[in-house]
Number of protein chains: 2
Amino acid sequence: MALKGKALVGQSGGPTSVINSSLVGVIEACLASEEIDGVYGMNGGIAGVLEERFFDLQAQSQSVLDGLRKTPSSALTSSRHKLQDEEIPKVIEILKAHNIRYFFLIGGNDTMDTIHRVEAACQKDGYDLKGIGIPKTVDNDLFGTDHTPGFPSAARYNALSVKQGGQLARDMRQVDQFVVFQTIGRDAGWLAAATACARQNEDDAPHLIYCPERRFNREKMLEDVKRTIDRIGWVSVVVSEGLLDPDGNPVSASTTHDAFSNTEFGAMGGASVGIEVHKMISEATGLRGEFQVIESLNMSAIDRAVPLDLEEAYDCGREAVKLGLEGKSGCMVSIERVADEPYQSRLTTVPLSETAIRAKAMPEDFINNDGNDITSSAMTYLKPLVGELPPFERLRPIFVEPILK
Amino acid sequence: MALKGKALVGQSGGPTSVINSSLVGVIEACLASEEIDGVYGMNGGIAGVLEERFFDLQAQSQSVLDGLRKTPSSALTSSRHKLQDEEIPKVIEILKAHNIRYFFLIGGNDTMDTIHRVEAACQKDGYDLKGIGIPKTVDNDLFGTDHTPGFPSAARYNALSVKQGGQLARDMRQVDQFVVFQTIGRDAGWLAAATACARQNEDDAPHLIYCPERRFNREKMLEDVKRTIDRIGWVSVVVSEGLLDPDGNPVSASTTHDAFSNTEFGAMGGASVGIEVHKMISEATGLRGEFQVIESLNMSAIDRAVPLDLEEAYDCGREAVKLGLEGKSGCMVSIERVADEPYQSRLTTVPLSETAIRAKAMPEDFINNDGNDITSSAMTYLKPLVGELPPFERLRPIFVEPILK
């Protein structure tokens, strides 16, 4: 017999295109349960809990819920407030006052840590609370799951951008010879790696991918760039915002120190790596090119969301409720990959203690020895998540015989 | 009886998502004509003509042509070579050698000028050549047509970006309070204005739109920004790359003069306006926010192309051939709007001499008196071109009664 009481759900950290699908999964599974007699939504994450600001999610119409599955970003609104230990008693008091027995948070590793601490404190206090995490982050840097909902859609955005931007760069190579695409991903290169899915034909963009798992060497990059331009006349370069130079300093800050305060860029995710690398190439080669800094645009682009991602996000939400009703607690819903092609997966769980740690980097063998591209293992992993990209056509190289030449 | 001979078609200047549709329109109309006994494509614009580099477009399969209608950018490849007067005799020699009697260029105002000069020189030389222009530019700054194919799709890309980015910014307003989106559009604010189509509900992004038609005043912008943040807690700002300060200097260069050379940014379209405005807001308010600099990504994103745009581009290509076969010359195909809602248009022509001039700015009454937004006249113009955007849902503000507070 499952615990009778209310459920509380929150969205934490940065939004994704599919995080509202997870939310709707939680709401719909709660509404279908007899034991859960109310579904509350944290207005502004854990900060909202501390101020007792709860949406009444039971009072939302089905048409609102259906619409939310097609709406990106965090409908409950988010906060980045880190729950302090001294605030936990207050949280428990509020949970008790509302008889909240199910506690769901959709988020990344910090979020899993929050559930972990709240759930442990309740246990110590003798208050029976089922705390379950639902994975979410475009960065894909969460341990204990094949991937995180939100990543496939952001990855597809990047792949589409680099494919379409590369098509333009190739056709304009007599005018501009390089393009630098910067992606978010401070500690791990998953979103940079995903741009490799853009390649349809040989010599398609991207030609060079630099991930934060490897130290970035300016001279080496310039050699890579020159070699590619010499061979095919242009180059597409992808950089992760979190790149560090051989001394461990952010590449983003290497030469723009005077013009931009570290605070400004640091706060927003090292937005200047792309500009820096653009400048390095431009200065070293004298060629023209452009940089593209999309920042968070790939976190909320539902028109480019992967259908698989939307489904998995929703399923993870439902699964969390199911687990809670079964008496499970202290765990996160996890996606386990069963097969690569055709892709198959199933939902399982991982203890919160295993996820609530540092960011998950890409495996060593996902990056090539030169540190300027990904490997076929990485492609096997990425392909089913990003999905098929629209195929592009090229004119066949059939030319008219010159008469005057 | 139409002139017997070959047709030559080229793509000039920057690509768009739909320029290959115009190309296919030309090719298919030529193939269907009995008078035209060959279709050549300039490999690399007018520079390709001078070197007699012609694709044999008759030799391309129908499946290649069908694929090109779904492929962005310039399949023939482009150049920005400006045809010199002393090169024109060489062009005529090559046209004669191949018996090219139909000369089509898909491009903007510089391109129309090129056709104009070549056609006039042929006429003077007694060589009968039909020269027809097909409009193209994402910037929409071409005289003599309601809009240019390519603009609607780039405009939609911008509107989608600002809508989806605004959704994220709104939900994250407790963390970051502003977002600055920079769009291409050096001389005219059409692409900045189009972001207004992102608004679905009151207070939706964008809140402030700055176009190059009006001088940009830093203090005024900061007041606009602060007023909006005070009222709703966040702000979405759209800036055109070509903004000038009250003294007529590019805003892009106002304070990053030391860190970035003018050449670097000037060459790529003033990519730093967004960064500059971000910096102004950040310094004046002490708040966090981000900038988004997408550069040319909206020029080649076929997944966001407007169906109307793809059709009109194709129709303009076919129309050019029809006009040539009817004996017309020295004109550009033009889209004439017949009705706003439901949108209706028809194809007509405009003399090349009227289009081959400076960039077309937005009408005075498209921008509001404060110079920080567009008017309802502009919206009437833009709406049918950008098309419907995906509707987003919001939770209804139904809250749980606090117990402890």
# chains A, B, ... in the order shown; residues from 1 in each chain; ligands from 1
$ interface_residues --of "chain B" --to "chain A" --cutoff "7 Å" --atoms "only C-alpha atoms" --output "PyMOL selection string"
chain B and resi 15+52+54-56+60+64+67-68+70-71+73-75+77-80+97+161+164-165+167-168+171-172+174-175+256+259+268+289-290+292-295+297+300-301+392-396+398-400+402-403
$ residues_around --residues "B:Arg318" --least-positions-apart "3" --cutoff "12 Å" --atoms "only C-alpha atoms" --output "PDB file with C-alpha atoms, in the first residue's frame"
ATOM      1  CA  VAL B   9      22.230  31.361 -64.604  1.00  0.00           C
ATOM      2  CA  SER B  21      14.708  26.954 -55.277  1.00  0.00           C
ATOM      3  CA  SER B  22      15.057  29.937 -57.592  1.00  0.00           C
ATOM      4  CA  LEU B  23      17.871  28.129 -59.390  1.00  0.00           C
ATOM      5  CA  VAL B  24      15.728  25.029 -59.889  1.00  0.00           C
ATOM      6  CA  GLY B  25      12.864  27.236 -61.108  1.00  0.00           C
ATOM      7  CA  VAL B  26      15.163  28.636 -63.798  1.00  0.00           C
ATOM      8  CA  ILE B  27      16.534  25.222 -64.770  1.00  0.00           C
ATOM      9  CA  GLU B  28      13.149  23.528 -65.003  1.00  0.00           C
ATOM     10  CA  ALA B  29      11.608  26.361 -67.030  1.00  0.00           C
ATOM     11  CA  CYS B  30      14.594  26.310 -69.403  1.00  0.00           C
ATOM     12  CA  LEU B  31      14.375  22.536 -69.826  1.00  0.00           C
ATOM     13  CA  ALA B  32      10.694  22.884 -70.695  1.00  0.00           C
ATOM     14  CA  SER B  33      11.368  25.425 -73.425  1.00  0.00           C
ATOM     15  CA  PHE B 104      19.825  35.183 -65.339  1.00  0.00           C
ATOM     16  CA  ILE B 106      19.836  35.623 -58.639  1.00  0.00           C
ATOM     17  CA  ILE B 132      16.690  39.219 -66.262  1.00  0.00           C
ATOM     18  CA  GLY B 133      17.238  39.534 -62.512  1.00  0.00           C
ATOM     19  CA  ILE B 134      15.762  37.275 -59.841  1.00  0.00           C
ATOM     20  CA  GLU B 311       7.471  28.615 -53.376  1.00  0.00           C
ATOM     21  CA  GLU B 312       7.944  32.270 -54.234  1.00  0.00           C
ATOM     22  CA  ALA B 313      11.662  31.728 -54.809  1.00  0.00           C
ATOM     23  CA  TYR B 314      10.922  28.903 -57.219  1.00  0.00           C
ATOM     24  CA  ASP B 315       8.189  30.898 -58.967  1.00  0.00           C
ATOM     25  CA  VAL B 321      12.663  32.411 -67.956  1.00  0.00           C
ATOM     26  CA  LYS B 322       9.105  33.091 -69.083  1.00  0.00           C
ATOM     27  CA  LEU B 323       9.869  36.800 -69.367  1.00  0.00           C
ATOM     28  CA  GLY B 324      13.036  36.146 -71.347  1.00  0.00           C
ATOM     29  CA  LEU B 325      11.192  33.884 -73.750  1.00  0.00           C
ATOM     30  CA  VAL B 333      11.128  39.795 -61.382  1.00  0.00           C
ATOM     31  CA  LEU B 347       4.663  38.520 -59.985  1.00  0.00           C
TER      32      LEU B 347
END
$ atom_distance --atom1 "atom CA of B:Ile281" --atom2 "atom CA of B:Lys220"
11.6 Å
$ select_by_dssp --residues "stretch 85-318 of chain B" --states "strand (DSSP E or B)" --output "mmCIF file with N, CA and C atoms, in the first residue's frame"
data_model
loop_
_atom_site.group_PDB
_atom_site.id
_atom_site.type_symbol
_atom_site.label_atom_id
_atom_site.label_comp_id
_atom_site.auth_asym_id
_atom_site.auth_seq_id
_atom_site.Cartn_x
_atom_site.Cartn_y
_atom_site.Cartn_z
ATOM 1 N N ILE B 100 25.069 32.069 -75.776
ATOM 2 C CA ILE B 100 24.195 32.298 -74.617
ATOM 3 C C ILE B 100 23.331 33.515 -74.904
ATOM 4 N N ARG B 101 22.019 33.302 -74.889
ATOM 5 C CA ARG B 101 21.085 34.375 -75.243
ATOM 6 C C ARG B 101 20.205 34.794 -74.060
ATOM 7 N N TYR B 102 20.254 33.981 -72.997
ATOM 8 C CA TYR B 102 19.449 34.276 -71.799
ATOM 9 C C TYR B 102 20.383 34.322 -70.590
ATOM 10 N N PHE B 103 20.343 35.409 -69.885
ATOM 11 C CA PHE B 103 21.322 35.667 -68.826
ATOM 12 C C PHE B 103 20.542 35.975 -67.536
ATOM 13 N N PHE B 104 20.584 35.031 -66.581
ATOM 14 C CA PHE B 104 19.825 35.183 -65.339
ATOM 15 C C PHE B 104 20.757 35.241 -64.146
ATOM 16 N N LEU B 105 20.564 36.234 -63.288
ATOM 17 C CA LEU B 105 21.340 36.281 -62.044
ATOM 18 C C LEU B 105 20.380 36.409 -60.871
ATOM 19 N N ILE B 106 20.647 35.589 -59.848
ATOM 20 C CA ILE B 106 19.836 35.623 -58.639
ATOM 21 C C ILE B 106 20.646 36.384 -57.599
ATOM 22 N N GLY B 107 20.160 37.553 -57.180
ATOM 23 C CA GLY B 107 20.974 38.321 -56.245
ATOM 24 C C GLY B 107 20.313 39.598 -55.752
ATOM 25 N N LYS B 130 18.935 38.497 -73.552
ATOM 26 C CA LYS B 130 17.869 38.811 -72.601
ATOM 27 C C LYS B 130 18.429 38.677 -71.179
ATOM 28 N N GLY B 131 18.549 39.788 -70.494
ATOM 29 C CA GLY B 131 19.102 39.776 -69.131
ATOM 30 C C GLY B 131 18.010 40.036 -68.105
ATOM 31 N N ILE B 132 17.779 39.084 -67.243
ATOM 32 C CA ILE B 132 16.690 39.219 -66.262
ATOM 33 C C ILE B 132 17.218 38.928 -64.860
ATOM 34 N N GLY B 133 16.820 39.741 -63.897
ATOM 35 C CA GLY B 133 17.238 39.534 -62.512
ATOM 36 C C GLY B 133 16.184 38.799 -61.707
ATOM 37 N N ILE B 134 16.648 37.993 -60.764
ATOM 38 C CA ILE B 134 15.762 37.275 -59.841
ATOM 39 C C ILE B 134 16.139 37.742 -58.434
ATOM 40 N N PRO B 135 15.177 38.317 -57.701
ATOM 41 C CA PRO B 135 15.541 38.949 -56.424
ATOM 42 C C PRO B 135 15.934 37.925 -55.364
ATOM 43 N N PHE B 178 18.773 39.710 -18.426
ATOM 44 C CA PHE B 178 18.637 40.272 -19.778
ATOM 45 C C PHE B 178 19.286 39.396 -20.830
ATOM 46 N N VAL B 179 18.800 39.551 -22.044
ATOM 47 C CA VAL B 179 19.368 38.829 -23.173
ATOM 48 C C VAL B 179 19.427 39.789 -24.363
ATOM 49 N N VAL B 180 20.568 39.774 -25.049
ATOM 50 C CA VAL B 180 20.766 40.639 -26.216
ATOM 51 C C VAL B 180 20.949 39.751 -27.440
ATOM 52 N N PHE B 181 20.082 39.923 -28.412
ATOM 53 C CA PHE B 181 20.150 39.142 -29.653
ATOM 54 C C PHE B 181 20.594 40.062 -30.778
ATOM 55 N N GLN B 182 21.687 39.701 -31.413
ATOM 56 C CA GLN B 182 22.186 40.497 -32.537
ATOM 57 C C GLN B 182 21.837 39.836 -33.854
ATOM 58 N N THR B 183 21.292 40.620 -34.774
ATOM 59 C CA THR B 183 20.993 40.068 -36.105
ATOM 60 C C THR B 183 21.778 40.801 -37.180
ATOM 61 N N LEU B 208 12.567 45.349 -26.690
ATOM 62 C CA LEU B 208 13.198 46.516 -27.313
ATOM 63 C C LEU B 208 13.871 46.086 -28.619
ATOM 64 N N ILE B 209 13.613 46.832 -29.676
ATOM 65 C CA ILE B 209 14.190 46.530 -30.992
ATOM 66 C C ILE B 209 14.852 47.792 -31.526
ATOM 67 N N TYR B 210 16.142 47.697 -31.790
ATOM 68 C CA TYR B 210 16.881 48.868 -32.301
ATOM 69 C C TYR B 210 17.341 48.607 -33.739
ATOM 70 N N VAL B 235 14.542 41.547 -19.472
ATOM 71 C CA VAL B 235 14.356 42.266 -20.732
ATOM 72 C C VAL B 235 15.040 41.524 -21.878
ATOM 73 N N SER B 236 14.377 41.544 -23.017
ATOM 74 C CA SER B 236 14.926 40.971 -24.248
ATOM 75 C C SER B 236 15.169 42.115 -25.234
ATOM 76 N N VAL B 237 16.418 42.248 -25.657
ATOM 77 C CA VAL B 237 16.827 43.366 -26.514
ATOM 78 C C VAL B 237 17.331 42.819 -27.855
ATOM 79 N N VAL B 238 16.841 43.393 -28.944
ATOM 80 C CA VAL B 238 17.284 42.993 -30.277
ATOM 81 C C VAL B 238 18.032 44.155 -30.918
ATOM 82 N N VAL B 239 19.211 43.865 -31.443
ATOM 83 C CA VAL B 239 19.996 44.921 -32.097
ATOM 84 C C VAL B 239 20.434 44.497 -33.500
ATOM 85 N N SER B 240 20.384 45.452 -34.413
ATOM 86 C CA SER B 240 20.895 45.238 -35.773
ATOM 87 C C SER B 240 22.390 45.466 -35.788
ATOM 88 N N LEU B 244 24.349 52.750 -35.586
ATOM 89 C CA LEU B 244 25.296 53.869 -35.497
ATOM 90 C C LEU B 244 24.954 54.728 -34.286
ATOM 91 N N PRO B 250 29.956 53.458 -35.856
ATOM 92 C CA PRO B 250 29.373 52.150 -35.538
ATOM 93 C C PRO B 250 29.414 51.877 -34.036
ATOM 94 N N GLY B 289 23.458 38.706 -17.776
ATOM 95 C CA GLY B 289 22.670 38.480 -18.981
ATOM 96 C C GLY B 289 23.549 37.827 -20.019
ATOM 97 N N GLU B 290 23.003 37.534 -21.173
ATOM 98 C CA GLU B 290 23.838 36.932 -22.206
ATOM 99 C C GLU B 290 23.631 37.626 -23.539
ATOM 100 N N PHE B 291 24.605 37.436 -24.452
ATOM 101 C CA PHE B 291 24.426 37.916 -25.820
ATOM 102 C C PHE B 291 24.421 36.723 -26.751
ATOM 103 N N GLN B 292 23.713 36.856 -27.838
ATOM 104 C CA GLN B 292 23.625 35.802 -28.850
ATOM 105 C C GLN B 292 23.987 36.411 -30.192
ATOM 106 N N VAL B 293 25.038 35.891 -30.797
ATOM 107 C CA VAL B 293 25.507 36.415 -32.085
ATOM 108 C C VAL B 293 25.474 35.268 -33.086
#
$ select_by_dssp --residues "stretch 112-165 of chain B" --states "alpha helix (DSSP H)" --output "list in words"
Met112, Asp113, Thr114, Ile115, His116, Arg117, Val118, Glu119, Ala120, Ala121, Cys122, Gln123, Lys124, Asp125, Phe151, Pro152, Ser153, Ala154, Ala155, Arg156, Tyr157, Asn158, Ala159, Leu160, Ser161, Val162, Lys163, Gln164 and Gly165 of chain B
$ residues_around --residues "B:Met379" --least-positions-apart "3" --cutoff "12 Å" --atoms "only C-alpha atoms" --output "VMD selection string"
chain B and resid 190 193 to 199 340 to 341 365 to 368 373 to 376 382 to 387
$ write_last_selection --atoms "N, CA and C atoms" --output "PDB file, in the first residue's frame"
ATOM      1  N   TRP B 190      15.081  45.354 -41.278  1.00  0.00           N
ATOM      2  CA  TRP B 190      14.023  44.369 -41.563  1.00  0.00           C
ATOM      3  C   TRP B 190      14.156  43.117 -40.692  1.00  0.00           C
ATOM      4  N   ALA B 193      13.378  43.908 -37.093  1.00  0.00           N
ATOM      5  CA  ALA B 193      11.943  44.156 -36.945  1.00  0.00           C
ATOM      6  C   ALA B 193      11.159  42.850 -36.894  1.00  0.00           C
ATOM      7  N   ALA B 194      11.589  41.881 -37.693  1.00  0.00           N
ATOM      8  CA  ALA B 194      10.847  40.622 -37.799  1.00  0.00           C
ATOM      9  C   ALA B 194      10.762  39.870 -36.476  1.00  0.00           C
ATOM     10  N   THR B 195      11.680  40.142 -35.564  1.00  0.00           N
ATOM     11  CA  THR B 195      11.641  39.436 -34.280  1.00  0.00           C
ATOM     12  C   THR B 195      10.388  39.792 -33.486  1.00  0.00           C
ATOM     13  N   ALA B 196       9.733  40.906 -33.836  1.00  0.00           N
ATOM     14  CA  ALA B 196       8.490  41.285 -33.139  1.00  0.00           C
ATOM     15  C   ALA B 196       7.408  40.225 -33.325  1.00  0.00           C
ATOM     16  N   CYS B 197       7.521  39.433 -34.390  1.00  0.00           N
ATOM     17  CA  CYS B 197       6.550  38.352 -34.616  1.00  0.00           C
ATOM     18  C   CYS B 197       6.632  37.288 -33.527  1.00  0.00           C
ATOM     19  N   ALA B 198       7.661  37.345 -32.699  1.00  0.00           N
ATOM     20  CA  ALA B 198       7.825  36.375 -31.605  1.00  0.00           C
ATOM     21  C   ALA B 198       6.773  36.558 -30.524  1.00  0.00           C
ATOM     22  N   ARG B 199       6.166  37.740 -30.458  1.00  0.00           N
ATOM     23  CA  ARG B 199       5.257  38.044 -29.340  1.00  0.00           C
ATOM     24  C   ARG B 199       3.929  37.316 -29.468  1.00  0.00           C
ATOM     25  N   ASP B 340      -2.938  41.706 -47.631  1.00  0.00           N
ATOM     26  CA  ASP B 340      -2.175  41.325 -46.442  1.00  0.00           C
ATOM     27  C   ASP B 340      -2.722  40.058 -45.781  1.00  0.00           C
ATOM     28  N   GLU B 341      -4.069  40.002 -45.679  1.00  0.00           N
ATOM     29  CA  GLU B 341      -4.628  38.894 -44.915  1.00  0.00           C
ATOM     30  C   GLU B 341      -5.982  38.481 -45.457  1.00  0.00           C
ATOM     31  N   ASP B 365       7.327  55.025 -41.067  1.00  0.00           N
ATOM     32  CA  ASP B 365       6.231  54.688 -40.137  1.00  0.00           C
ATOM     33  C   ASP B 365       6.252  53.230 -39.674  1.00  0.00           C
ATOM     34  N   PHE B 366       7.304  52.498 -39.987  1.00  0.00           N
ATOM     35  CA  PHE B 366       7.445  51.124 -39.481  1.00  0.00           C
ATOM     36  C   PHE B 366       8.125  51.110 -38.104  1.00  0.00           C
ATOM     37  N   ILE B 367       8.756  52.221 -37.740  1.00  0.00           N
ATOM     38  CA  ILE B 367       9.475  52.303 -36.468  1.00  0.00           C
ATOM     39  C   ILE B 367       8.754  53.302 -35.575  1.00  0.00           C
ATOM     40  N   ASN B 368       8.639  52.985 -34.274  1.00  0.00           N
ATOM     41  CA  ASN B 368       7.877  53.879 -33.380  1.00  0.00           C
ATOM     42  C   ASN B 368       8.666  55.158 -33.079  1.00  0.00           C
ATOM     43  N   ASP B 373      11.086  50.186 -31.014  1.00  0.00           N
ATOM     44  CA  ASP B 373      10.135  49.114 -31.347  1.00  0.00           C
ATOM     45  C   ASP B 373       9.593  49.387 -32.751  1.00  0.00           C
ATOM     46  N   ILE B 374       8.841  48.419 -33.266  1.00  0.00           N
ATOM     47  CA  ILE B 374       8.215  48.639 -34.573  1.00  0.00           C
ATOM     48  C   ILE B 374       6.733  48.952 -34.360  1.00  0.00           C
ATOM     49  N   THR B 375       6.070  49.339 -35.444  1.00  0.00           N
ATOM     50  CA  THR B 375       4.662  49.756 -35.354  1.00  0.00           C
ATOM     51  C   THR B 375       3.738  48.661 -35.877  1.00  0.00           C
ATOM     52  N   SER B 376       2.448  48.899 -35.757  1.00  0.00           N
ATOM     53  CA  SER B 376       1.483  47.917 -36.255  1.00  0.00           C
ATOM     54  C   SER B 376       1.514  47.836 -37.784  1.00  0.00           C
ATOM     55  N   LEU B 382       4.874  42.263 -41.935  1.00  0.00           N
ATOM     56  CA  LEU B 382       5.743  41.128 -41.606  1.00  0.00           C
ATOM     57  C   LEU B 382       4.997  39.809 -41.401  1.00  0.00           C
ATOM     58  N   LYS B 383       3.826  39.884 -40.765  1.00  0.00           N
ATOM     59  CA  LYS B 383       3.140  38.666 -40.324  1.00  0.00           C
ATOM     60  C   LYS B 383       2.975  37.580 -41.394  1.00  0.00           C
ATOM     61  N   PRO B 384       2.443  37.925 -42.564  1.00  0.00           N
ATOM     62  CA  PRO B 384       2.255  36.842 -43.541  1.00  0.00           C
ATOM     63  C   PRO B 384       3.569  36.267 -44.056  1.00  0.00           C
ATOM     64  N   LEU B 385       4.639  37.025 -43.969  1.00  0.00           N
ATOM     65  CA  LEU B 385       5.924  36.530 -44.468  1.00  0.00           C
ATOM     66  C   LEU B 385       6.544  35.559 -43.474  1.00  0.00           C
ATOM     67  N   VAL B 386       6.509  35.912 -42.209  1.00  0.00           N
ATOM     68  CA  VAL B 386       7.116  35.066 -41.164  1.00  0.00           C
ATOM     69  C   VAL B 386       6.246  33.838 -40.897  1.00  0.00           C
ATOM     70  N   GLY B 387       4.941  33.981 -41.084  1.00  0.00           N
ATOM     71  CA  GLY B 387       4.027  32.853 -40.841  1.00  0.00           C
ATOM     72  C   GLY B 387       3.747  32.665 -39.364  1.00  0.00           C
TER      73      GLY B 387
END
$ atom_distance --atom1 "atom CA of A:Gly150" --atom2 "atom CA of A:Asn372"
25.3 Å
$ atom_distance --atom1 "atom CA of A:Tyr343" --atom2 "atom CA of A:Glu364"
22.7 Å
$ residues_around --residues "B:Arg337" --least-positions-apart "6" --cutoff "8 Å" --atoms "only C-alpha atoms" --output "list in words"
Asp146, Tyr343, Gln344, Ser345 and Arg346 of chain B
$ write_last_selection --atoms "N, CA and C atoms" --output "tab-separated table (two decimals), in the first residue's frame"
chain	number	residue	atom	x	y	z
B	146	ASP	N	8.00	43.82	-53.17
B	146	ASP	CA	7.41	43.86	-51.83
B	146	ASP	C	8.40	43.32	-50.80
B	343	TYR	N	-2.84	36.69	-47.19
B	343	TYR	CA	-1.79	37.22	-48.06
B	343	TYR	C	-2.00	36.77	-49.49
B	344	GLN	N	-1.89	37.71	-50.40
B	344	GLN	CA	-1.96	37.40	-51.83
B	344	GLN	C	-0.91	38.23	-52.56
B	345	SER	N	-0.30	37.62	-53.55
B	345	SER	CA	0.70	38.37	-54.31
B	345	SER	C	0.66	37.95	-55.77
B	346	ARG	N	1.32	38.73	-56.60
B	346	ARG	CA	1.49	38.32	-58.00
B	346	ARG	C	2.87	38.78	-58.46
$ closest_residue --among "A:Ile184, A:Ile46, A:Val306, A:Val277" --to "A:Ser252" --atoms "only C-alpha atoms"
A:Val277
